[in-house]
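Data block for input-v9.tsv (TSV, C-alpha atoms and all ligand atoms):
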```
chain	number	residue	atom	x	y	z
A	6	MET	CA	-125.97	30.38	74.70
A	7	ILE	CA	-127.57	28.01	72.17
A	8	ARG	CA	-125.28	27.52	69.19
A	9	LYS	CA	-126.39	25.56	66.16
A	10	ILE	CA	-124.17	22.68	65.05
A	11	THR	CA	-126.34	20.82	62.53
A	12	GLU	CA	-130.01	20.94	61.59
A	13	SER	CA	-131.02	19.14	64.81
A	14	VAL	CA	-128.05	19.57	67.11
A	15	SER	CA	-127.21	22.64	69.18
A	16	TRP	CA	-124.42	23.23	71.68
A	17	VAL	CA	-125.72	24.28	75.09
A	18	GLY	CA	-122.61	23.77	77.21
A	19	LYS	CA	-120.29	25.96	79.26
A	20	ILE	CA	-116.91	27.41	78.32
A	21	ASP	CA	-114.70	27.53	81.42
A	22	TRP	CA	-111.98	30.10	80.73
A	23	GLU	CA	-110.87	30.17	84.39
A	24	LEU	CA	-110.09	26.49	84.82
A	25	LYS	CA	-106.38	25.94	85.46
A	26	LYS	CA	-106.48	22.52	87.15
A	27	PHE	CA	-108.71	19.55	86.39
A	28	HIS	CA	-109.24	16.23	88.21
A	29	GLY	CA	-108.32	18.03	91.44
A	30	SER	CA	-104.74	19.05	90.73
A	31	GLU	CA	-103.94	16.09	88.48
A	32	TYR	CA	-104.27	17.79	85.11
A	33	SER	CA	-103.13	21.31	84.19
A	34	THR	CA	-105.54	23.15	81.91
A	35	HIS	CA	-103.44	26.08	80.71
A	36	LYS	CA	-106.08	26.94	78.13
A	37	GLY	CA	-109.17	26.32	80.26
A	38	SER	CA	-111.79	23.84	79.09
A	39	SER	CA	-115.40	23.46	78.10
A	40	TYR	CA	-118.17	21.13	79.20
A	41	ASN	CA	-120.03	20.42	76.00
A	42	SER	CA	-123.69	19.64	76.43
A	43	TYR	CA	-125.85	19.14	73.36
A	44	LEU	CA	-129.52	19.58	72.61
A	45	ILE	CA	-130.93	17.31	69.91
A	46	ARG	CA	-134.25	18.51	68.54
A	47	ALA	CA	-136.12	16.35	66.02
A	48	GLY	CA	-139.66	15.07	66.72
A	49	LYS	CA	-138.46	14.67	70.31
A	50	THR	CA	-136.07	16.85	72.26
A	51	ALA	CA	-133.10	15.22	73.99
A	52	LEU	CA	-130.37	16.69	76.17
A	53	LEU	CA	-126.99	14.96	75.92
A	54	ASP	CA	-124.91	15.44	79.07
A	55	THR	CA	-124.82	18.40	81.44
A	56	VAL	CA	-121.95	20.52	82.82
A	57	TRP	CA	-119.72	20.64	85.91
A	58	ALA	CA	-121.47	21.30	89.22
A	59	PRO	CA	-120.30	24.92	89.81
A	60	PHE	CA	-122.18	25.92	86.66
A	61	ALA	CA	-125.30	23.83	87.35
A	62	LYS	CA	-127.70	26.63	88.17
A	63	GLU	CA	-126.55	28.83	85.31
A	64	PHE	CA	-126.83	25.89	82.91
A	65	VAL	CA	-130.33	24.84	83.97
A	66	ASP	CA	-131.56	28.44	84.12
A	67	ASN	CA	-130.37	28.94	80.54
A	68	LEU	CA	-132.10	25.76	79.42
A	69	GLU	CA	-135.31	26.90	81.08
A	70	ALA	CA	-135.11	30.33	79.48
A	71	GLU	CA	-134.11	29.25	75.99
A	72	VAL	CA	-135.69	25.81	75.59
A	73	GLY	CA	-138.14	25.31	78.44
A	74	LEU	CA	-137.41	22.35	80.71
A	75	ARG	CA	-140.93	21.06	80.11
A	76	ASN	CA	-139.98	20.59	76.45
A	77	LEU	CA	-137.24	18.05	77.20
A	78	ASP	CA	-138.39	14.50	76.48
A	79	PHE	CA	-135.35	12.69	77.86
A	80	MET	CA	-131.66	12.98	78.45
A	81	VAL	CA	-128.64	10.86	77.61
A	82	GLN	CA	-125.86	10.72	80.18
A	83	SER	CA	-122.79	9.52	78.25
A	84	HIS	CA	-120.56	9.27	81.30
A	85	ALA	CA	-121.15	10.05	84.96
A	86	GLU	CA	-117.96	11.87	85.89
A	87	VAL	CA	-118.91	15.08	87.65
A	88	ASP	CA	-117.78	17.42	84.86
A	89	HIS	CA	-120.65	16.04	82.77
A	90	SER	CA	-123.18	14.95	85.35
A	91	GLY	CA	-122.67	17.79	87.84
A	92	ALA	CA	-125.83	19.64	86.85
A	93	LEU	CA	-128.05	16.54	87.09
A	94	PRO	CA	-129.23	17.26	90.67
A	95	GLU	CA	-130.29	20.79	89.69
A	96	LEU	CA	-131.96	19.63	86.50
A	97	MET	CA	-133.71	16.68	88.10
A	98	SER	CA	-134.94	18.79	91.00
A	99	ARG	CA	-136.90	20.76	88.41
A	100	ARG	CA	-137.76	17.84	86.09
A	101	PRO	CA	-137.80	14.76	88.36
A	102	ASP	CA	-139.72	12.74	85.77
A	103	LEU	CA	-137.10	13.14	83.03
A	104	PRO	CA	-135.89	9.73	81.76
A	105	ILE	CA	-132.10	9.32	81.75
A	106	TYR	CA	-130.68	6.98	79.10
A	107	CYS	CA	-127.24	5.66	80.03
A	108	SER	CA	-125.13	2.53	80.44
A	109	ALA	CA	-125.66	0.11	83.35
A	110	ASN	CA	-122.35	1.24	84.86
A	111	ALA	CA	-123.45	4.88	84.68
A	112	VAL	CA	-126.49	4.04	86.83
A	113	LYS	CA	-124.16	2.67	89.54
A	114	SER	CA	-121.95	5.74	89.33
A	115	ILE	CA	-124.76	8.31	89.30
A	116	ARG	CA	-126.48	6.59	92.25
A	117	GLY	CA	-123.15	6.42	94.06
A	118	GLN	CA	-122.45	10.10	93.59
A	119	TYR	CA	-125.88	11.68	94.01
A	120	HIS	CA	-127.79	9.08	96.06
A	121	LYS	CA	-130.92	9.52	93.96
A	122	ASP	CA	-133.04	7.00	92.14
A	123	TRP	CA	-134.06	8.79	89.01
A	124	ASP	CA	-135.80	7.21	86.00
A	125	PHE	CA	-132.80	5.42	84.52
A	126	ARG	CA	-133.20	3.63	81.17
A	127	VAL	CA	-130.24	1.34	80.59
A	128	VAL	CA	-129.03	1.04	76.99
A	129	LYS	CA	-126.61	-1.38	75.38
A	130	THR	CA	-124.54	-1.40	72.22
A	131	GLY	CA	-126.70	-1.48	69.10
A	132	GLU	CA	-129.87	-0.24	70.77
A	133	SER	CA	-131.48	2.80	69.22
A	134	LEU	CA	-134.08	5.38	70.08
A	135	ASP	CA	-136.40	6.88	67.48
A	136	ILE	CA	-136.50	10.65	67.93
A	137	GLY	CA	-138.87	11.39	65.04
A	138	LYS	CA	-138.46	13.12	61.68
A	139	GLY	CA	-136.68	10.03	60.37
A	140	LYS	CA	-133.86	10.31	62.91
A	141	SER	CA	-132.66	8.08	65.69
A	142	LEU	CA	-129.97	7.80	68.32
A	143	VAL	CA	-127.82	4.67	68.21
A	144	PHE	CA	-125.82	3.73	71.29
A	145	VAL	CA	-122.39	2.10	71.46
A	146	GLU	CA	-120.93	1.23	74.86
A	147	ALA	CA	-117.29	2.30	75.13
A	148	PRO	CA	-116.09	0.92	78.47
A	149	MET	CA	-112.77	2.37	79.69
A	150	LEU	CA	-112.80	5.19	77.15
A	151	HIS	CA	-112.16	6.38	79.67
A	152	TRP	CA	-114.46	5.08	82.44
A	153	PRO	CA	-116.36	1.79	82.67
A	154	ASP	CA	-119.61	3.69	82.05
A	155	SER	CA	-118.61	5.57	78.87
A	156	LEU	CA	-121.18	5.54	76.10
A	157	PHE	CA	-120.98	6.80	72.50
A	158	THR	CA	-124.15	8.07	70.83
A	159	TYR	CA	-124.59	8.34	67.06
A	160	LEU	CA	-127.29	10.52	65.51
A	161	GLN	CA	-128.54	8.61	62.52
A	162	GLY	CA	-129.87	10.91	59.84
A	163	GLU	CA	-127.24	13.59	60.41
A	164	ALA	CA	-124.14	11.43	60.92
A	165	VAL	CA	-123.08	13.07	64.18
A	166	LEU	CA	-121.00	11.03	66.63
A	167	PHE	CA	-121.04	12.05	70.31
A	168	PRO	CA	-118.08	10.19	71.86
A	169	ASN	CA	-118.06	12.07	75.18
A	170	ASP	CA	-114.48	12.37	76.51
A	171	ALA	CA	-112.85	10.57	73.57
A	172	PHE	CA	-111.44	12.91	70.89
A	173	GLY	CA	-111.75	15.87	73.28
A	174	GLN	CA	-109.29	18.47	74.53
A	175	HIS	CA	-109.15	20.86	77.44
A	176	PHE	CA	-109.32	23.96	75.30
A	177	ALA	CA	-111.60	26.93	75.95
A	178	THR	CA	-112.57	28.68	72.74
A	179	GLU	CA	-115.46	30.73	71.46
A	180	ALA	CA	-114.73	29.39	67.99
A	181	LEU	CA	-116.40	26.02	68.74
A	182	PHE	CA	-115.22	24.23	65.56
A	183	ASN	CA	-111.88	22.60	64.75
A	184	ASP	CA	-111.34	24.54	61.52
A	185	LEU	CA	-111.63	27.92	63.28
A	186	VAL	CA	-108.92	27.57	65.93
A	187	ASN	CA	-105.12	27.76	65.94
A	188	GLN	CA	-104.08	24.26	64.80
A	189	ASP	CA	-100.83	24.13	66.81
A	190	GLU	CA	-102.70	24.95	70.02
A	191	LEU	CA	-105.43	22.46	69.19
A	192	TRP	CA	-103.10	19.55	68.46
A	193	HIS	CA	-100.95	20.32	71.49
A	194	GLU	CA	-104.04	19.98	73.68
A	195	CYS	CA	-105.20	16.84	71.84
A	196	VAL	CA	-101.93	14.97	72.35
A	197	LYS	CA	-101.62	16.14	75.96
A	198	TYR	CA	-105.16	14.85	76.62
A	199	TYR	CA	-104.45	11.48	75.02
A	200	ALA	CA	-101.07	11.09	76.74
A	201	ASN	CA	-102.33	11.92	80.22
A	202	ILE	CA	-105.79	10.35	80.15
A	203	LEU	CA	-106.09	7.69	77.47
A	204	THR	CA	-102.65	6.05	77.28
A	205	PRO	CA	-103.50	3.13	79.63
A	206	PHE	CA	-106.51	2.27	77.47
A	207	SER	CA	-104.72	2.31	74.11
A	208	SER	CA	-105.55	-1.31	73.26
A	209	LEU	CA	-109.23	-0.57	73.92
A	210	VAL	CA	-109.01	2.64	71.85
A	211	ALA	CA	-107.67	0.67	68.89
A	212	LYS	CA	-110.39	-1.99	69.28
A	213	LYS	CA	-113.20	0.54	69.62
A	214	ILE	CA	-112.08	2.53	66.58
A	215	LYS	CA	-112.05	-0.70	64.55
A	216	GLU	CA	-115.53	-1.57	65.84
A	217	VAL	CA	-117.01	1.87	65.08
A	218	VAL	CA	-115.35	2.12	61.64
A	219	GLY	CA	-116.55	-1.45	60.98
A	220	LEU	CA	-120.15	-0.32	61.39
A	221	GLY	CA	-119.71	1.56	58.12
A	222	LEU	CA	-121.68	4.56	59.35
A	223	PRO	CA	-120.94	7.92	57.76
A	224	VAL	CA	-119.48	10.49	60.17
A	225	GLU	CA	-119.94	14.15	59.26
A	226	VAL	CA	-119.36	15.63	62.71
A	227	ILE	CA	-117.65	14.42	65.90
A	228	ALA	CA	-118.93	16.30	68.92
A	229	PRO	CA	-116.90	15.46	72.06
A	230	SER	CA	-117.60	16.63	75.58
A	231	HIS	CA	-114.56	18.95	75.87
A	232	GLY	CA	-113.08	21.43	73.43
A	233	VAL	CA	-113.77	21.86	69.74
A	234	ILE	CA	-116.28	20.05	67.56
A	235	TRP	CA	-114.69	18.26	64.62
A	236	ARG	CA	-116.57	19.26	61.46
A	237	GLU	CA	-113.70	19.72	58.98
A	238	ASP	CA	-112.28	16.29	58.15
A	239	PRO	CA	-113.66	14.85	61.41
A	240	LEU	CA	-111.93	11.51	60.92
A	241	GLN	CA	-108.51	13.16	61.26
A	242	ILE	CA	-108.79	12.90	65.05
A	243	VAL	CA	-109.94	9.26	64.80
A	244	ASN	CA	-106.93	8.45	62.59
A	245	LYS	CA	-104.66	10.26	65.03
A	246	TYR	CA	-106.06	8.22	67.93
A	247	ALA	CA	-105.38	5.03	65.96
A	248	GLU	CA	-101.76	6.19	65.51
A	249	TRP	CA	-101.40	7.19	69.18
A	250	ALA	CA	-102.90	3.89	70.35
A	251	ALA	CA	-100.22	1.90	68.50
A	252	ASP	CA	-97.34	2.27	71.03
A	253	TYR	CA	-96.69	5.76	69.71
A	254	ARG	CA	-93.18	7.22	69.70
A	255	GLU	CA	-91.33	9.89	67.78
A	256	ASP	CA	-87.60	10.32	67.22
A	257	ARG	CA	-87.41	12.01	70.60
A	258	VAL	CA	-85.68	11.29	73.91
A	259	VAL	CA	-86.60	12.90	77.20
A	260	LEU	CA	-84.45	13.17	80.33
A	261	LEU	CA	-86.30	13.64	83.60
A	262	TYR	CA	-84.39	14.47	86.74
A	263	ASP	CA	-84.40	16.30	90.03
A	264	SER	CA	-81.28	17.60	91.71
A	265	MET	CA	-80.21	18.86	95.15
A	266	TRP	CA	-76.87	20.54	94.46
A	267	ASP	CA	-76.85	20.41	90.64
A	268	GLY	CA	-74.70	17.30	90.22
A	269	THR	CA	-77.53	15.22	88.73
A	270	ARG	CA	-78.54	18.21	86.57
A	271	LYS	CA	-75.02	18.36	85.13
A	272	LEU	CA	-75.13	14.65	84.38
A	273	ALA	CA	-78.51	15.09	82.63
A	274	GLU	CA	-77.18	17.92	80.48
A	275	GLN	CA	-74.04	16.01	79.47
A	276	ILE	CA	-76.03	12.89	78.61
A	277	ALA	CA	-78.36	15.07	76.53
A	278	HIS	CA	-75.38	16.58	74.63
A	279	GLY	CA	-74.05	13.09	73.95
A	280	ILE	CA	-77.38	11.82	72.60
A	281	SER	CA	-77.82	14.89	70.42
A	282	ASP	CA	-74.28	14.72	69.01
A	283	ALA	CA	-74.65	11.03	68.25
A	284	SER	CA	-78.05	11.44	66.59
A	285	SER	CA	-78.69	14.93	65.27
A	286	SER	CA	-82.18	14.06	64.02
A	287	THR	CA	-83.31	13.11	67.54
A	288	GLU	CA	-85.20	15.76	69.48
A	289	VAL	CA	-83.78	15.78	73.02
A	290	ARG	CA	-85.80	17.26	75.87
A	291	VAL	CA	-84.59	17.82	79.43
A	292	HIS	CA	-86.95	18.48	82.34
A	293	ASN	CA	-86.32	19.13	86.00
A	294	VAL	CA	-89.54	17.49	87.16
A	295	ALA	CA	-89.67	19.56	90.34
A	296	LYS	CA	-89.95	22.69	88.19
A	297	THR	CA	-91.95	21.55	85.15
A	298	ASP	CA	-95.66	21.01	84.74
A	299	LYS	CA	-96.14	17.27	85.26
A	300	ASN	CA	-98.64	16.89	82.42
A	301	ASP	CA	-96.22	18.54	79.99
A	302	VAL	CA	-93.58	16.08	81.23
A	303	ILE	CA	-95.95	13.15	80.62
A	304	THR	CA	-96.74	14.46	77.13
A	305	ASP	CA	-93.02	14.39	76.34
A	306	VAL	CA	-92.73	10.86	77.73
A	307	PHE	CA	-95.64	9.81	75.48
A	308	ARG	CA	-93.96	11.31	72.41
A	309	SER	CA	-90.50	9.85	73.16
A	310	LYS	CA	-88.91	6.58	72.14
A	311	ALA	CA	-86.70	6.60	75.23
A	312	VAL	CA	-86.73	8.07	78.72
A	313	LEU	CA	-83.83	8.60	81.13
A	314	LEU	CA	-84.57	9.10	84.82
A	315	GLY	CA	-82.14	10.80	87.19
A	316	SER	CA	-82.05	11.47	90.90
A	317	PRO	CA	-79.45	11.88	93.61
A	318	THR	CA	-79.73	9.59	96.59
A	319	ILE	CA	-81.60	10.82	99.63
A	320	ASN	CA	-82.62	8.69	102.60
A	321	LYS	CA	-81.60	5.60	100.60
A	322	GLY	CA	-84.06	6.49	97.86
A	323	ILE	CA	-84.98	9.11	95.26
A	324	LEU	CA	-86.21	12.68	95.46
A	325	ASN	CA	-89.90	13.22	96.00
A	326	ALA	CA	-90.65	14.90	92.65
A	327	MET	CA	-89.08	11.95	90.84
A	328	ALA	CA	-91.12	9.51	92.93
A	329	GLY	CA	-94.28	11.36	91.89
A	330	ILE	CA	-93.54	11.30	88.19
A	331	VAL	CA	-92.46	7.65	88.33
A	332	GLU	CA	-95.80	6.76	89.94
A	333	GLN	CA	-97.59	8.60	87.15
A	334	ILE	CA	-95.54	6.89	84.42
A	335	LYS	CA	-96.23	3.51	86.03
A	336	GLY	CA	-99.98	4.09	86.04
A	337	LEU	CA	-100.07	5.17	82.41
A	338	ARG	CA	-98.53	1.86	81.26
A	339	PHE	CA	-96.51	3.12	78.30
A	340	LYS	CA	-95.39	0.44	75.86
A	341	GLY	CA	-92.47	0.05	73.47
A	342	LYS	CA	-90.11	2.55	75.10
A	343	LYS	CA	-86.48	2.23	76.14
A	344	GLY	CA	-84.80	3.77	79.15
A	345	ALA	CA	-81.90	4.16	81.54
A	346	ALA	CA	-81.20	5.71	84.93
A	347	PHE	CA	-78.54	7.97	86.40
A	348	GLY	CA	-77.77	10.01	89.50
A	349	CYS	CA	-75.17	11.41	91.89
A	350	TYR	CA	-74.54	10.15	95.39
A	351	GLY	CA	-72.27	10.86	98.31
A	352	TRP	CA	-72.60	7.84	100.58
A	353	SER	CA	-74.75	4.81	99.91
A	354	GLY	CA	-75.94	5.45	96.29
A	355	GLU	CA	-79.32	3.72	95.95
A	356	SER	CA	-81.13	6.25	93.74
A	357	PHE	CA	-79.98	5.31	90.24
A	358	ARG	CA	-80.32	1.61	91.00
A	359	GLN	CA	-83.84	2.20	92.30
A	360	LEU	CA	-84.73	4.19	89.17
A	361	ASP	CA	-83.35	1.37	87.02
A	362	GLU	CA	-85.74	-1.00	88.81
A	363	GLU	CA	-88.62	1.46	88.50
A	364	LEU	CA	-88.09	1.70	84.75
A	365	ARG	CA	-88.34	-2.07	84.44
A	366	GLU	CA	-91.50	-2.07	86.55
A	367	CYS	CA	-92.93	0.65	84.29
A	368	GLY	CA	-92.46	-1.72	81.32
A	369	PHE	CA	-89.47	0.06	79.76
A	370	GLU	CA	-86.62	-1.85	78.14
A	371	VAL	CA	-83.53	-0.75	80.06
A	372	VAL	CA	-80.75	-0.59	77.46
A	373	SER	CA	-77.82	0.86	79.46
A	374	GLU	CA	-76.51	0.04	82.89
A	375	ALA	CA	-77.45	2.77	85.38
A	376	LEU	CA	-74.89	5.58	85.63
A	377	GLY	CA	-73.91	6.54	89.16
A	378	CYS	CA	-71.55	9.39	90.01
A	379	LEU	CA	-69.87	9.58	93.41
A	380	TRP	CA	-69.87	13.18	94.68
A	381	GLU	CA	-69.93	16.15	92.35
A	382	PRO	CA	-69.15	15.31	88.72
A	383	GLY	CA	-65.77	16.70	87.67
A	384	PRO	CA	-64.37	16.91	84.13
A	385	GLU	CA	-63.79	13.16	83.97
A	386	GLU	CA	-67.29	12.25	85.16
A	387	LEU	CA	-68.89	14.82	82.86
A	388	ALA	CA	-66.99	13.39	79.91
A	389	ALA	CA	-68.16	9.92	80.95
A	390	ALA	CA	-71.76	11.16	81.08
A	391	TYR	CA	-71.38	12.60	77.58
A	392	GLU	CA	-70.07	9.26	76.31
A	393	TYR	CA	-72.89	7.50	78.16
A	394	GLY	CA	-75.34	9.63	76.13
A	395	ARG	CA	-73.61	8.78	72.87
A	396	ALA	CA	-73.66	5.07	73.68
A	397	PHE	CA	-77.31	5.27	74.76
A	398	ALA	CA	-78.27	6.92	71.43
A	399	ALA	CA	-76.59	4.08	69.56
A	400	LYS	CA	-78.90	1.58	71.28
A	401	LEU	CA	-82.16	3.25	70.17
B	501	LIG	FE1	-114.77	14.78	81.00
B	501	LIG	FE2	-114.26	11.74	82.27
B	501	LIG	O1	-114.94	13.43	82.25
```
Could you render the structure from this file as structure tokens?
Ligand code: FEO
Amino acid sequence: MIRKITESVSWVGKIDWELKKFHGSEYSTHKGSSYNSYLIRAGKTALLDTVWAPFAKEFVDNLEAEVGLRNLDFMVQSHAEVDHSGALPELMSRRPDLPIYCSANAVKSIRGQYHKDWDFRVVKTGESLDIGKGKSLVFVEAPMLHWPDSLFTYLQGEAVLFPNDAFGQHFATEALFNDLVNQDELWHECVKYYANILTPFSSLVAKKIKEVVGLGLPVEVIAPSHGVIWREDPLQIVNKYAEWAADYREDRVVLLYDSMWDGTRKLAEQIAHGISDASSSTEVRVHNVAKTDKNDVITDVFRSKAVLLGSPTINKGILNAMAGIVEQIKGLRFKGKKGAAFGCYGWSGESFRQLDEELRECGFEVVSEALGCLWEPGPEELAAAYEYGRAFAAKL
């Protein structure tokens, strides 16, 4: 279970191959995940983070067997979300005297979740802890990356950065290191993770990267709390985050719709043809959001320069799957994207107008008047939808 990372650092976490949903049902984890906990052994022995609660006993039993709980001098809790703090109650029941170094916000969160008053030692940016053998841990608070309590730890002497959730991926692998896994799978999980979790905090990501790079510290290894450890060119993920944080968009357009009797689907497909014919270099994606994994949809929104939303009218509004994805897009606060709305209707016809409004509320620049289609689209309406797509492409 203990796997050596550097001279002083070992991985002691848990690979969760079974995990298919994370954050309740908010995040699909097609490739499982891992809860990376690290043991840092110099003159003193520190544990950095724990694992999710279902694995608490297994995790603490392993630590007892392979390290000896009595040999732990302290722990660092980088972030109190339950996937990293879930084994604290089990650990602290067996080592109630163990000091826990964390941010002030983490104390509030840990107390709020576990209702215990353990030996918390609050740390702030710039504070360090001597761990012997010429090594120390330096702390950098990273609020909203992605919780108010998030804390980065840097191991001086071995140039290892522990950024907790930042730079992570939900990706179960025995390979442990970034250079040993399939790169397409790895980067797919990285961008999905950023798009679905970190997008709203992009301005803070950019600021924090500048701050950390500005410290001028060497970084040999980046060891996040989920997925692979970056040891080959570790700054590649930092550079990617800087790119993603800067209102990221590719030459890609995504159409999101739901449909009752296929009319809105036909409009979506014709608009897509029109965009593609007008701009052959543009990657056009079409998703029925009632049938597509919502996190894959969001990843495509993140990567796109424009988004079109379509729904027929029902009960003077939009279909429920569209309402769900719109709520998600709103919360993620994408910037620098264009959009338009469309949809079929039979009687009153509110849906495409509502989606037009929703796009504006989501911060999109609406570049085409919403396209409504009364009843089922016939040849004329389908041709109009195709032309609508061509005209939309010309505005991007
Ligand atoms: Fe991996 Fe925010 O917990």
As AutoDock Vina command-line options, please: the centre and edge lengths in Å, to one decimal, of an axis-aligned box enclosing every listed atom of segment 247-256 of chain A with 8 Å added on each side.
```
--center_x -96.5 --center_y 6.1 --center_z 68.3 --size_x 33.8 --size_y 24.4 --size_z 21.5
```
Find, counting all atoms listed in the file, the residue in A:Ser353, A:Ser39, A:Asn169, A:Ser264 that gets nearest to Trp57 of chain A.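 The closest residue to Trp57 of chain A is A:Ser39.
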Under the rule of at most 10 Å, produce a per-residue listing of chain A near ligand LIG 501 (chain B): chain, number, name, the closest pair of atoms, and the distance in Å, as JSON lines, using all atoms listed in the file.
```
{"residue": "A:Phe27", "atom": "CA", "partner": "B:LIG501", "partner_atom": "FE1", "distance": 9.4}
{"residue": "A:His28", "atom": "CA", "partner": "B:LIG501", "partner_atom": "O1", "distance": 8.7}
{"residue": "A:Ser38", "atom": "CA", "partner": "B:LIG501", "partner_atom": "FE1", "distance": 9.7}
{"residue": "A:Ser39", "atom": "CA", "partner": "B:LIG501", "partner_atom": "FE1", "distance": 9.2}
{"residue": "A:Tyr40", "atom": "CA", "partner": "B:LIG501", "partner_atom": "FE1", "distance": 7.4}
{"residue": "A:Asn41", "atom": "CA", "partner": "B:LIG501", "partner_atom": "FE1", "distance": 9.2}
{"residue": "A:Val56", "atom": "CA", "partner": "B:LIG501", "partner_atom": "FE1", "distance": 9.4}
{"residue": "A:Trp57", "atom": "CA", "partner": "B:LIG501", "partner_atom": "FE1", "distance": 9.1}
{"residue": "A:Ser83", "atom": "CA", "partner": "B:LIG501", "partner_atom": "O1", "distance": 9.6}
{"residue": "A:His84", "atom": "CA", "partner": "B:LIG501", "partner_atom": "FE2", "distance": 6.8}
{"residue": "A:Ala85", "atom": "CA", "partner": "B:LIG501", "partner_atom": "O1", "distance": 7.6}
{"residue": "A:Glu86", "atom": "CA", "partner": "B:LIG501", "partner_atom": "O1", "distance": 5.0}
{"residue": "A:Val87", "atom": "CA", "partner": "B:LIG501", "partner_atom": "O1", "distance": 6.9}
{"residue": "A:Asp88", "atom": "CA", "partner": "B:LIG501", "partner_atom": "O1", "distance": 5.5}
{"residue": "A:His89", "atom": "CA", "partner": "B:LIG501", "partner_atom": "FE1", "distance": 6.3}
{"residue": "A:Ser90", "atom": "CA", "partner": "B:LIG501", "partner_atom": "O1", "distance": 8.9}
{"residue": "A:Met149", "atom": "CA", "partner": "B:LIG501", "partner_atom": "FE2", "distance": 9.8}
{"residue": "A:Leu150", "atom": "CA", "partner": "B:LIG501", "partner_atom": "FE2", "distance": 8.4}
{"residue": "A:His151", "atom": "CA", "partner": "B:LIG501", "partner_atom": "FE2", "distance": 6.3}
{"residue": "A:Trp152", "atom": "CA", "partner": "B:LIG501", "partner_atom": "FE2", "distance": 6.7}
{"residue": "A:Asp154", "atom": "CA", "partner": "B:LIG501", "partner_atom": "FE2", "distance": 9.7}
{"residue": "A:Ser155", "atom": "CA", "partner": "B:LIG501", "partner_atom": "FE2", "distance": 8.3}
{"residue": "A:Asn169", "atom": "CA", "partner": "B:LIG501", "partner_atom": "FE1", "distance": 7.2}
{"residue": "A:Asp170", "atom": "CA", "partner": "B:LIG501", "partner_atom": "FE1", "distance": 5.1}
{"residue": "A:Ala171", "atom": "CA", "partner": "B:LIG501", "partner_atom": "FE1", "distance": 8.8}
{"residue": "A:Gly173", "atom": "CA", "partner": "B:LIG501", "partner_atom": "FE1", "distance": 8.4}
{"residue": "A:Gln174", "atom": "CA", "partner": "B:LIG501", "partner_atom": "FE1", "distance": 9.2}
{"residue": "A:His175", "atom": "CA", "partner": "B:LIG501", "partner_atom": "FE1", "distance": 9.0}
{"residue": "A:Ile202", "atom": "CA", "partner": "B:LIG501", "partner_atom": "FE2", "distance": 8.8}
{"residue": "A:Pro229", "atom": "CA", "partner": "B:LIG501", "partner_atom": "FE1", "distance": 9.2}
{"residue": "A:Ser230", "atom": "CA", "partner": "B:LIG501", "partner_atom": "FE1", "distance": 6.4}
{"residue": "A:His231", "atom": "CA", "partner": "B:LIG501", "partner_atom": "FE1", "distance": 6.6}
```
Non-local contacts of Glu385 of chain A (12 Å; all atoms listed in the file; under 6 positions in same chain excluded) as a ChimeraX atom specification: /A:272,275,378-379,391-392
May I have the residues within 7 Å of Val294 of chain A as a list in words, using all atoms listed in the file and disregarding those fewer than 3 positions away in the same chain? Leu261, Tyr262, Asp263, Thr297, Lys299, Ala326 and Met327 of chain A
Gap from atom CA of Phe144 of chain A to atom CA of Thr130 of chain A - Å, one decimal: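 According to the coordinates, atom CA of Phe144 of chain A and atom CA of Thr130 of chain A are separated by 5.4 Å.
The shortest atom-to-atom distance to Glu332 of chain A, with only C-alpha atoms taken into account, belongs to A:Cys367 out of A:Val81, A:Leu181, A:Val302, A:Cys367.
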Choose the residue, out of A:Gly139, A:Gly131, A:Gly37, A:Gly341, that has the smallest atom-to-atom separation from Thr178 of chain A; count all atoms listed in the file.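 Looking only at the distances to Thr178 of chain A, the closest residue turns out to be A:Gly37.
Rounded to one decimal, atom CA of Ala250 of chain A and atom CA of Leu314 of chain A lie 23.9 Å from each other.
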